[in-house]
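K.L.:
If it helps, the file is called upload_24.pdb and holds PDB, C-alpha atoms and all ligand atoms:
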```
ATOM      1  CA  MET B  16      33.987  28.752   7.443
ATOM      2  CA  THR B  17      31.450  26.230   8.673
ATOM      3  CA  SER B  18      32.173  22.534   8.615
ATOM      4  CA  ALA B  19      29.983  20.144   6.652
ATOM      5  CA  PRO B  20      27.366  18.296   8.688
ATOM      6  CA  PRO B  21      28.386  14.764   9.611
ATOM      7  CA  ARG B  22      27.348  12.133   7.126
ATOM      8  CA  PRO B  23      24.848   9.641   8.535
ATOM      9  CA  THR B  24      26.111   6.186   9.291
ATOM     10  CA  LEU B  25      24.909   3.735   6.688
ATOM     11  CA  ILE B  26      23.477   0.406   7.760
ATOM     12  CA  PRO B  27      23.357  -2.610   5.446
ATOM     13  CA  VAL B  28      19.942  -4.011   4.703
ATOM     14  CA  SER B  29      18.964  -7.015   2.587
ATOM     15  CA  LEU B  30      15.394  -7.572   1.573
ATOM     16  CA  THR B  31      13.258  -8.731  -1.297
ATOM     17  CA  VAL B  32      11.213  -6.164  -3.182
ATOM     18  CA  ASN B  33       8.633  -7.361  -5.665
ATOM     19  CA  GLY B  34      10.394 -10.697  -5.869
ATOM     20  CA  LEU B  35      13.875  -9.306  -6.493
ATOM     21  CA  PRO B  36      16.707  -9.275  -3.959
ATOM     22  CA  VAL B  37      17.811  -5.820  -2.841
ATOM     23  CA  ASP B  38      20.991  -5.139  -0.898
ATOM     24  CA  ALA B  39      21.587  -1.570   0.180
ATOM     25  CA  ALA B  40      23.245   0.582   2.795
ATOM     26  CA  VAL B  41      20.872   3.174   4.211
ATOM     27  CA  PRO B  42      20.718   5.761   6.994
ATOM     28  CA  GLY B  43      19.096   4.302  10.076
ATOM     29  CA  ARG B  44      16.246   6.808   9.921
ATOM     30  CA  LEU B  45      15.422   6.388   6.233
ATOM     31  CA  LEU B  46      11.736   5.573   6.005
ATOM     32  CA  LEU B  47      10.642   2.551   4.025
ATOM     33  CA  ALA B  48       8.404   4.808   1.913
ATOM     34  CA  ASP B  49      11.357   7.016   0.970
ATOM     35  CA  PHE B  50      13.581   4.011   0.349
ATOM     36  CA  LEU B  51      11.017   2.532  -2.037
ATOM     37  CA  ARG B  52      10.329   5.786  -3.841
ATOM     38  CA  ASP B  53      13.667   7.562  -3.853
ATOM     39  CA  SER B  54      16.188   4.732  -3.751
ATOM     40  CA  LEU B  55      14.340   2.120  -5.806
ATOM     41  CA  GLY B  56      12.165   4.370  -7.972
ATOM     42  CA  LEU B  57       8.957   2.593  -6.958
ATOM     43  CA  THR B  58       6.838   5.726  -6.939
ATOM     44  CA  GLY B  59       3.554   3.834  -6.936
ATOM     45  CA  THR B  60       3.817   3.954  -3.168
ATOM     46  CA  HIS B  61       2.342   7.352  -2.330
ATOM     47  CA  VAL B  62       3.031   9.445   0.732
ATOM     48  CA  GLY B  63       0.101  11.506   1.929
ATOM     49  CA  CYS B  64       0.034  12.369   5.600
ATOM     50  CA  GLY B  65       3.439  10.947   6.510
ATOM     51  CA  HIS B  66       2.263   9.894   9.956
ATOM     52  CA  GLY B  67       0.192   6.766   9.595
ATOM     53  CA  THR B  68      -3.263   8.230   9.126
ATOM     54  CA  CYS B  69      -4.169   8.164   5.434
ATOM     55  CA  GLY B  70      -3.038   4.701   4.305
ATOM     56  CA  SER B  71      -1.780   5.888   0.918
ATOM     57  CA  CYS B  72       1.709   4.519   1.603
ATOM     58  CA  THR B  73       0.516   0.979   2.391
ATOM     59  CA  VAL B  74       2.643  -1.875   1.054
ATOM     60  CA  LEU B  75       2.822  -5.572   1.850
ATOM     61  CA  VAL B  76       5.505  -6.799   4.239
ATOM     62  CA  ASP B  77       5.573 -10.585   4.313
ATOM     63  CA  GLY B  78       1.974 -10.438   3.149
ATOM     64  CA  GLU B  79       0.783  -8.003   5.828
ATOM     65  CA  ALA B  80      -0.486  -4.540   4.969
ATOM     66  CA  VAL B  81       1.977  -2.065   6.492
ATOM     67  CA  ARG B  82       2.216   1.715   6.362
ATOM     68  CA  SER B  83       5.592   2.387   4.876
ATOM     69  CA  CYS B  84       5.753   5.894   6.365
ATOM     70  CA  LEU B  85       5.893   4.347   9.827
ATOM     71  CA  GLN B  86       8.739   1.901   9.194
ATOM     72  CA  PHE B  87      12.435   2.485   8.863
ATOM     73  CA  ALA B  88      13.967   0.618   5.942
ATOM     74  CA  VAL B  89      16.459  -1.070   8.259
ATOM     75  CA  GLN B  90      13.599  -2.627  10.206
ATOM     76  CA  LEU B  91      12.693  -4.651   7.113
ATOM     77  CA  ASP B  92      15.975  -6.518   6.882
ATOM     78  CA  GLY B  93      15.180 -10.028   5.691
ATOM     79  CA  CYS B  94      11.574  -9.221   4.787
ATOM     80  CA  ALA B  95       9.698  -9.548   1.516
ATOM     81  CA  ILE B  96       8.121  -6.277   0.390
ATOM     82  CA  THR B  97       5.464  -6.037  -2.267
ATOM     83  CA  THR B  98       4.485  -2.642  -3.606
ATOM     84  CA  VAL B  99       1.609  -1.887  -5.940
ATOM     85  CA  GLU B 100       4.033  -2.399  -8.830
ATOM     86  CA  GLY B 101       4.483  -5.998  -7.701
ATOM     87  CA  VAL B 102       1.014  -7.197  -6.780
ATOM     88  CA  SER B 103       0.580  -8.662 -10.258
ATOM     89  CA  PRO B 104       3.659 -10.728 -11.084
ATOM     90  CA  ASP B 105       2.300 -11.683 -14.513
ATOM     91  CA  GLY B 106       1.479  -8.129 -15.552
ATOM     92  CA  GLN B 107      -2.261  -8.793 -15.752
ATOM     93  CA  LEU B 108      -4.693  -6.891 -13.570
ATOM     94  CA  THR B 109      -5.369  -8.718 -10.333
ATOM     95  CA  PRO B 110      -9.010  -9.165  -9.294
ATOM     96  CA  VAL B 111      -8.588  -6.204  -6.932
ATOM     97  CA  GLN B 112      -7.149  -3.983  -9.655
ATOM     98  CA  GLN B 113      -9.788  -5.134 -12.131
ATOM     99  CA  ALA B 114     -12.509  -4.345  -9.610
ATOM    100  CA  PHE B 115     -11.224  -0.783  -9.209
ATOM    101  CA  GLN B 116     -11.261  -0.362 -12.966
ATOM    102  CA  ASP B 117     -14.704  -1.894 -13.391
ATOM    103  CA  ASN B 118     -16.273   0.239 -10.653
ATOM    104  CA  HIS B 119     -14.442   3.508 -11.314
ATOM    105  CA  GLY B 120     -12.954   3.127  -7.869
ATOM    106  CA  MET B 121     -10.513   5.973  -8.313
ATOM    107  CA  GLN B 122     -10.545   9.629  -9.209
ATOM    108  CA  CYS B 123      -7.079  11.176  -8.881
ATOM    109  CA  GLY B 124      -5.754   7.758  -7.892
ATOM    110  CA  TYR B 125      -3.538   8.996  -5.073
ATOM    111  CA  CYS B 126      -5.081   6.699  -2.486
ATOM    112  CA  THR B 127      -5.474   3.754  -4.858
ATOM    113  CA  PRO B 128      -2.130   1.934  -4.468
ATOM    114  CA  GLY B 129      -2.574   1.756  -0.715
ATOM    115  CA  LEU B 130      -6.121   0.498  -1.070
ATOM    116  CA  VAL B 131      -5.040  -2.133  -3.588
ATOM    117  CA  CYS B 132      -2.345  -3.352  -1.207
ATOM    118  CA  SER B 133      -4.643  -3.458   1.816
ATOM    119  CA  LEU B 134      -7.382  -5.305  -0.050
ATOM    120  CA  THR B 135      -4.829  -7.686  -1.546
ATOM    121  CA  ALA B 136      -3.622  -8.538   1.953
ATOM    122  CA  LEU B 137      -7.165  -8.942   3.233
ATOM    123  CA  LEU B 138      -8.273 -11.262   0.428
ATOM    124  CA  ALA B 139      -5.135 -13.376   0.680
ATOM    125  CA  LYS B 140      -6.102 -14.152   4.273
ATOM    126  CA  ASP B 141      -9.869 -14.092   3.925
ATOM    127  CA  PRO B 142     -11.107 -14.617   0.345
ATOM    128  CA  SER B 143     -14.737 -14.170   1.411
ATOM    129  CA  PRO B 144     -14.760 -11.303   3.903
ATOM    130  CA  THR B 145     -17.949  -9.965   5.392
ATOM    131  CA  GLU B 146     -19.194  -6.497   4.579
ATOM    132  CA  GLU B 147     -18.073  -5.424   8.044
ATOM    133  CA  THR B 148     -14.549  -6.717   7.455
ATOM    134  CA  ILE B 149     -14.352  -4.946   4.106
ATOM    135  CA  VAL B 150     -15.522  -1.676   5.642
ATOM    136  CA  ASP B 151     -13.061  -2.092   8.528
ATOM    137  CA  THR B 152     -10.252  -2.463   6.013
ATOM    138  CA  LEU B 153     -11.334   0.563   3.995
ATOM    139  CA  ASN B 154     -11.695   2.602   7.173
ATOM    140  CA  GLY B 155      -7.932   2.711   7.401
ATOM    141  CA  HIS B 156      -7.710   4.729   4.201
ATOM    142  CA  LEU B 157      -8.529   8.329   3.397
ATOM    143  CA  CYS B 158      -9.543   9.387  -0.101
ATOM    144  CA  ARG B 159      -9.294  13.121  -0.661
ATOM    145  CA  CYS B 160     -11.496  12.785  -3.723
ATOM    146  CA  THR B 161     -14.096  11.158  -1.446
ATOM    147  CA  GLY B 162     -15.072   8.479  -3.958
ATOM    148  CA  TYR B 163     -15.780   6.048  -1.169
ATOM    149  CA  GLN B 164     -18.904   4.471  -2.623
ATOM    150  CA  ASN B 165     -17.114   3.294  -5.748
ATOM    151  CA  ILE B 166     -14.134   2.139  -3.701
ATOM    152  CA  LEU B 167     -16.531   0.094  -1.579
ATOM    153  CA  LYS B 168     -18.127  -1.350  -4.703
ATOM    154  CA  ALA B 169     -14.711  -2.313  -6.029
ATOM    155  CA  ALA B 170     -13.834  -3.984  -2.745
ATOM    156  CA  ARG B 171     -17.098  -5.903  -2.762
ATOM    157  CA  GLN B 172     -16.514  -7.102  -6.327
ATOM    158  CA  ALA B 173     -12.989  -8.228  -5.485
ATOM    159  CA  ALA B 174     -14.409 -10.105  -2.510
ATOM    160  CA  GLY B 175     -17.045 -11.803  -4.667
ATOM    161  CA  ARG B 176     -19.917  -9.895  -3.105
ATOM    162  CA  PRO B 177     -22.705  -8.036  -4.915
ATOM    163  CA  VAL B 178     -21.395  -4.551  -5.546
ATOM    164  CA  GLU B 179     -24.636  -2.856  -4.539
ATOM    165  CA  GLU B 180     -24.971  -4.810  -1.325
ATOM    166  CA  ALA B 181     -25.904  -2.527   1.545
ATOM    167  CA  HIS B 182     -25.582  -4.817   4.535
ATOM    168  CA  GLY B 183     -23.473  -7.810   5.431
TER     169      GLY B 183
HETATM  170  S1  LIG I   1       1.518   8.530   4.215
HETATM  171 FE1  LIG I   1       1.606   6.763   5.430
HETATM  172  S2  LIG I   1      -0.341   6.618   6.356
HETATM  173 FE2  LIG I   1      -0.380   8.520   5.279
HETATM  174  S1  LIG I   2      -8.998   8.908  -5.684
HETATM  175 FE1  LIG I   2      -8.084  10.828  -5.202
HETATM  176  S2  LIG I   2      -7.402  10.559  -3.152
HETATM  177 FE2  LIG I   2      -8.598   8.812  -3.534
END
```
For this file, produce the structure as structure tokens.
Ligand code: FES
Ligand code: FES
P.N.:
Amino acid sequence: MTSAPPRPTLIPVSLTVNGLPVDAAVPGRLLLADFLRDSLGLTGTHVGCGHGTCGSCTVLVDGEAVRSCLQFAVQLDGCAITTVEGVSPDGQLTPVQQAFQDNHGMQCGYCTPGLVCSLTALLAKDPSPTEETIVDTLNGHLCRCTGYQNILKAARQAAGRPVEEAHG
């Protein structure tokens, strides 16, 4: 008879998620992405590559765009997390979300939550980014549906730039 594997030690963590306090006890190696999705049911955060390449798991940590597949939940103790479910506290589409809708900036939508979070973080810091800055931000995201032109148009609209603009 084999013995059961040892249970992982649980570590207390206190953070704010989408404006609500969350206190939990989690394994030290539980990824933030899995904590959000599996423990809190916030499945708008998508996991694509799982190793920091695709950007689909991007959330806001204290206002910064962060890849939640590269963070352990315990590292976020004391932090404020915003997922795509929380970017619009009043339930209305934010300018970024509206821009994606207006420009058909999604196909399957798998990459969209991460893009919305990254652009939200960018525009909070720089409401009038240059074309180069917008492209730099989008460069951190992979879209398997390859709808990059409409994503770029959405980003330009959210940034208050002409959507068809070709050069910054
Ligand atoms: S799932 Fe995190 S960057 Fe791809
Ligand atoms: S819209 Fe399908 S992965 Fe980007």
K.L.:
For this file, the PyMOL selection byres (((not hetatm)) within 7 of (chain I and resi 1)) selects which residues, as a PDB file with C-alpha atoms, in the coordinates of the input?
P.N.:
```pdb
ATOM      1  CA  HIS B  61       2.342   7.352  -2.330  1.00  0.00           C
ATOM      2  CA  VAL B  62       3.031   9.445   0.732  1.00  0.00           C
ATOM      3  CA  GLY B  63       0.101  11.506   1.929  1.00  0.00           C
ATOM      4  CA  CYS B  64       0.034  12.369   5.600  1.00  0.00           C
ATOM      5  CA  GLY B  65       3.439  10.947   6.510  1.00  0.00           C
ATOM      6  CA  HIS B  66       2.263   9.894   9.956  1.00  0.00           C
ATOM      7  CA  GLY B  67       0.192   6.766   9.595  1.00  0.00           C
ATOM      8  CA  THR B  68      -3.263   8.230   9.126  1.00  0.00           C
ATOM      9  CA  CYS B  69      -4.169   8.164   5.434  1.00  0.00           C
ATOM     10  CA  GLY B  70      -3.038   4.701   4.305  1.00  0.00           C
ATOM     11  CA  SER B  71      -1.780   5.888   0.918  1.00  0.00           C
ATOM     12  CA  CYS B  72       1.709   4.519   1.603  1.00  0.00           C
ATOM     13  CA  THR B  73       0.516   0.979   2.391  1.00  0.00           C
ATOM     14  CA  ARG B  82       2.216   1.715   6.362  1.00  0.00           C
ATOM     15  CA  SER B  83       5.592   2.387   4.876  1.00  0.00           C
ATOM     16  CA  CYS B  84       5.753   5.894   6.365  1.00  0.00           C
ATOM     17  CA  LEU B  85       5.893   4.347   9.827  1.00  0.00           C
TER      18      LEU B  85
END
```
K.L.:
With all atoms listed in the file as the counted atoms, please give the residues lying no more than 12 Å from Leu108 of chain B, apart from itself and same-chain residues fewer than 6 positions off, as a ChimeraX atom specification.
P.N.:
/B:99-102,114-117,131,173
K.L.:
Report as an MDAnalysis selection string the residues that result from applying the PyMOL selection byres (((not hetatm)) within 10 of (chain I and resi 2)) to the structure here.
P.N.:
chainID B and resid 63 69 71 119:130 156:163 165:166
K.L.:
Calculate how many Å separate atom CA of Cys132 of chain B from atom CA of Glu146 of chain B, rounding to one decimal.
P.N.:
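According to the coordinates, atom CA of Cys132 of chain B and atom CA of Glu146 of chain B are separated by 18.1 Å.
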K.L.:
Would you please work out which residue, of B:Val150, B:Leu75, B:Ala170, B:Leu134, is nearest to Thr98 of chain B when using all atoms listed in the file?
P.N.:
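Closest candidate: B:Leu75.
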K.L.:
Take the PyMOL selection byres (((chain B and resi 45) around 12) and not hetatm), run it mentally on this structure, and tell me the resulting residues as a list in words.
P.N.:
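Evaluating the PyMOL selection byres (((chain B and resi 45) around 12) and not hetatm) on these coordinates yields Pro23, Thr24, Leu25, Ile26, Val28, Ala39, Ala40, Val41, Pro42, Gly43, Arg44, Leu46, Leu47, Ala48, Asp49, Phe50, Leu51, Arg52, Asp53, Ser54, Ser83, Cys84, Leu85, Gln86, Phe87, Ala88, Val89, Gln90 and Leu91 of chain B.
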K.L.:
Will you model all heavy atoms for segment 41-52 of chain B and pass it back as a compact mmCIF listing (two decimals), in the coordinates of the input?
P.N.:
```
# COMPACT_ATOMS: atom_id res chain seq x y z
N VAL B 41 21.78 2.04 4.06
CA VAL B 41 20.87 3.17 4.21
C VAL B 41 21.06 3.83 5.58
O VAL B 41 21.46 3.18 6.56
CB VAL B 41 19.40 2.72 4.07
CG1 VAL B 41 19.15 2.11 2.70
CG2 VAL B 41 19.01 1.73 5.16
N PRO B 42 20.74 5.12 5.67
CA PRO B 42 20.72 5.76 6.99
C PRO B 42 19.68 5.08 7.88
O PRO B 42 18.62 4.65 7.41
CB PRO B 42 20.31 7.21 6.67
CG PRO B 42 20.60 7.41 5.22
CD PRO B 42 20.41 6.06 4.58
N GLY B 43 19.98 5.01 9.16
CA GLY B 43 19.10 4.30 10.08
C GLY B 43 17.71 4.88 10.13
O GLY B 43 16.75 4.17 10.46
N ARG B 44 17.56 6.18 9.82
CA ARG B 44 16.25 6.81 9.92
C ARG B 44 15.57 6.99 8.56
O ARG B 44 14.58 7.72 8.45
CB ARG B 44 16.36 8.16 10.64
CG ARG B 44 16.84 7.99 12.08
CD ARG B 44 16.81 9.30 12.85
NE ARG B 44 15.46 9.81 13.03
CZ ARG B 44 14.59 9.37 13.92
NH1 ARG B 44 14.93 8.39 14.74
NH2 ARG B 44 13.39 9.89 14.02
N LEU B 45 16.09 6.31 7.54
CA LEU B 45 15.42 6.39 6.23
C LEU B 45 14.13 5.58 6.28
O LEU B 45 14.12 4.39 6.58
CB LEU B 45 16.34 5.82 5.13
CG LEU B 45 15.74 5.86 3.72
CD1 LEU B 45 15.58 7.30 3.23
CD2 LEU B 45 16.61 5.06 2.76
N LEU B 46 13.03 6.26 5.98
CA LEU B 46 11.74 5.57 6.00
C LEU B 46 11.61 4.60 4.84
O LEU B 46 12.15 4.83 3.75
CB LEU B 46 10.60 6.60 5.92
CG LEU B 46 10.49 7.55 7.12
CD1 LEU B 46 9.47 8.65 6.82
CD2 LEU B 46 10.11 6.79 8.37
N LEU B 47 10.86 3.52 5.09
CA LEU B 47 10.64 2.55 4.03
C LEU B 47 10.00 3.23 2.81
O LEU B 47 10.37 2.95 1.66
CB LEU B 47 9.74 1.42 4.52
CG LEU B 47 9.32 0.38 3.48
CD1 LEU B 47 10.54 -0.31 2.88
CD2 LEU B 47 8.34 -0.62 4.08
N ALA B 48 9.06 4.12 3.03
CA ALA B 48 8.40 4.81 1.91
C ALA B 48 9.43 5.56 1.07
O ALA B 48 9.39 5.51 -0.17
CB ALA B 48 7.34 5.78 2.44
N ASP B 49 10.35 6.25 1.71
CA ASP B 49 11.36 7.02 0.97
C ASP B 49 12.36 6.08 0.30
O ASP B 49 12.84 6.37 -0.80
CB ASP B 49 12.07 7.99 1.91
CG ASP B 49 11.13 9.05 2.45
OD1 ASP B 49 10.13 9.37 1.76
OD2 ASP B 49 11.37 9.56 3.56
N PHE B 50 12.68 5.00 0.95
CA PHE B 50 13.58 4.01 0.35
C PHE B 50 12.96 3.47 -0.94
O PHE B 50 13.62 3.40 -1.99
CB PHE B 50 13.85 2.89 1.35
CG PHE B 50 14.72 1.78 0.81
CD1 PHE B 50 16.03 2.02 0.45
CD2 PHE B 50 14.22 0.49 0.69
CE1 PHE B 50 16.84 1.00 -0.04
CE2 PHE B 50 15.02 -0.53 0.20
CZ PHE B 50 16.33 -0.28 -0.17
N LEU B 51 11.68 3.09 -0.86
CA LEU B 51 11.02 2.53 -2.04
C LEU B 51 10.94 3.57 -3.16
O LEU B 51 11.25 3.27 -4.32
CB LEU B 51 9.61 2.05 -1.67
CG LEU B 51 9.54 0.86 -0.72
CD1 LEU B 51 8.11 0.64 -0.25
CD2 LEU B 51 10.07 -0.41 -1.38
N ARG B 52 10.55 4.77 -2.81
CA ARG B 52 10.33 5.79 -3.84
C ARG B 52 11.64 6.37 -4.37
O ARG B 52 11.85 6.46 -5.58
CB ARG B 52 9.46 6.91 -3.27
CG ARG B 52 8.00 6.53 -3.02
CD ARG B 52 7.24 7.71 -2.40
NE ARG B 52 7.38 8.90 -3.21
CZ ARG B 52 6.64 9.16 -4.29
NH1 ARG B 52 5.69 8.32 -4.65
NH2 ARG B 52 6.84 10.25 -4.96
```
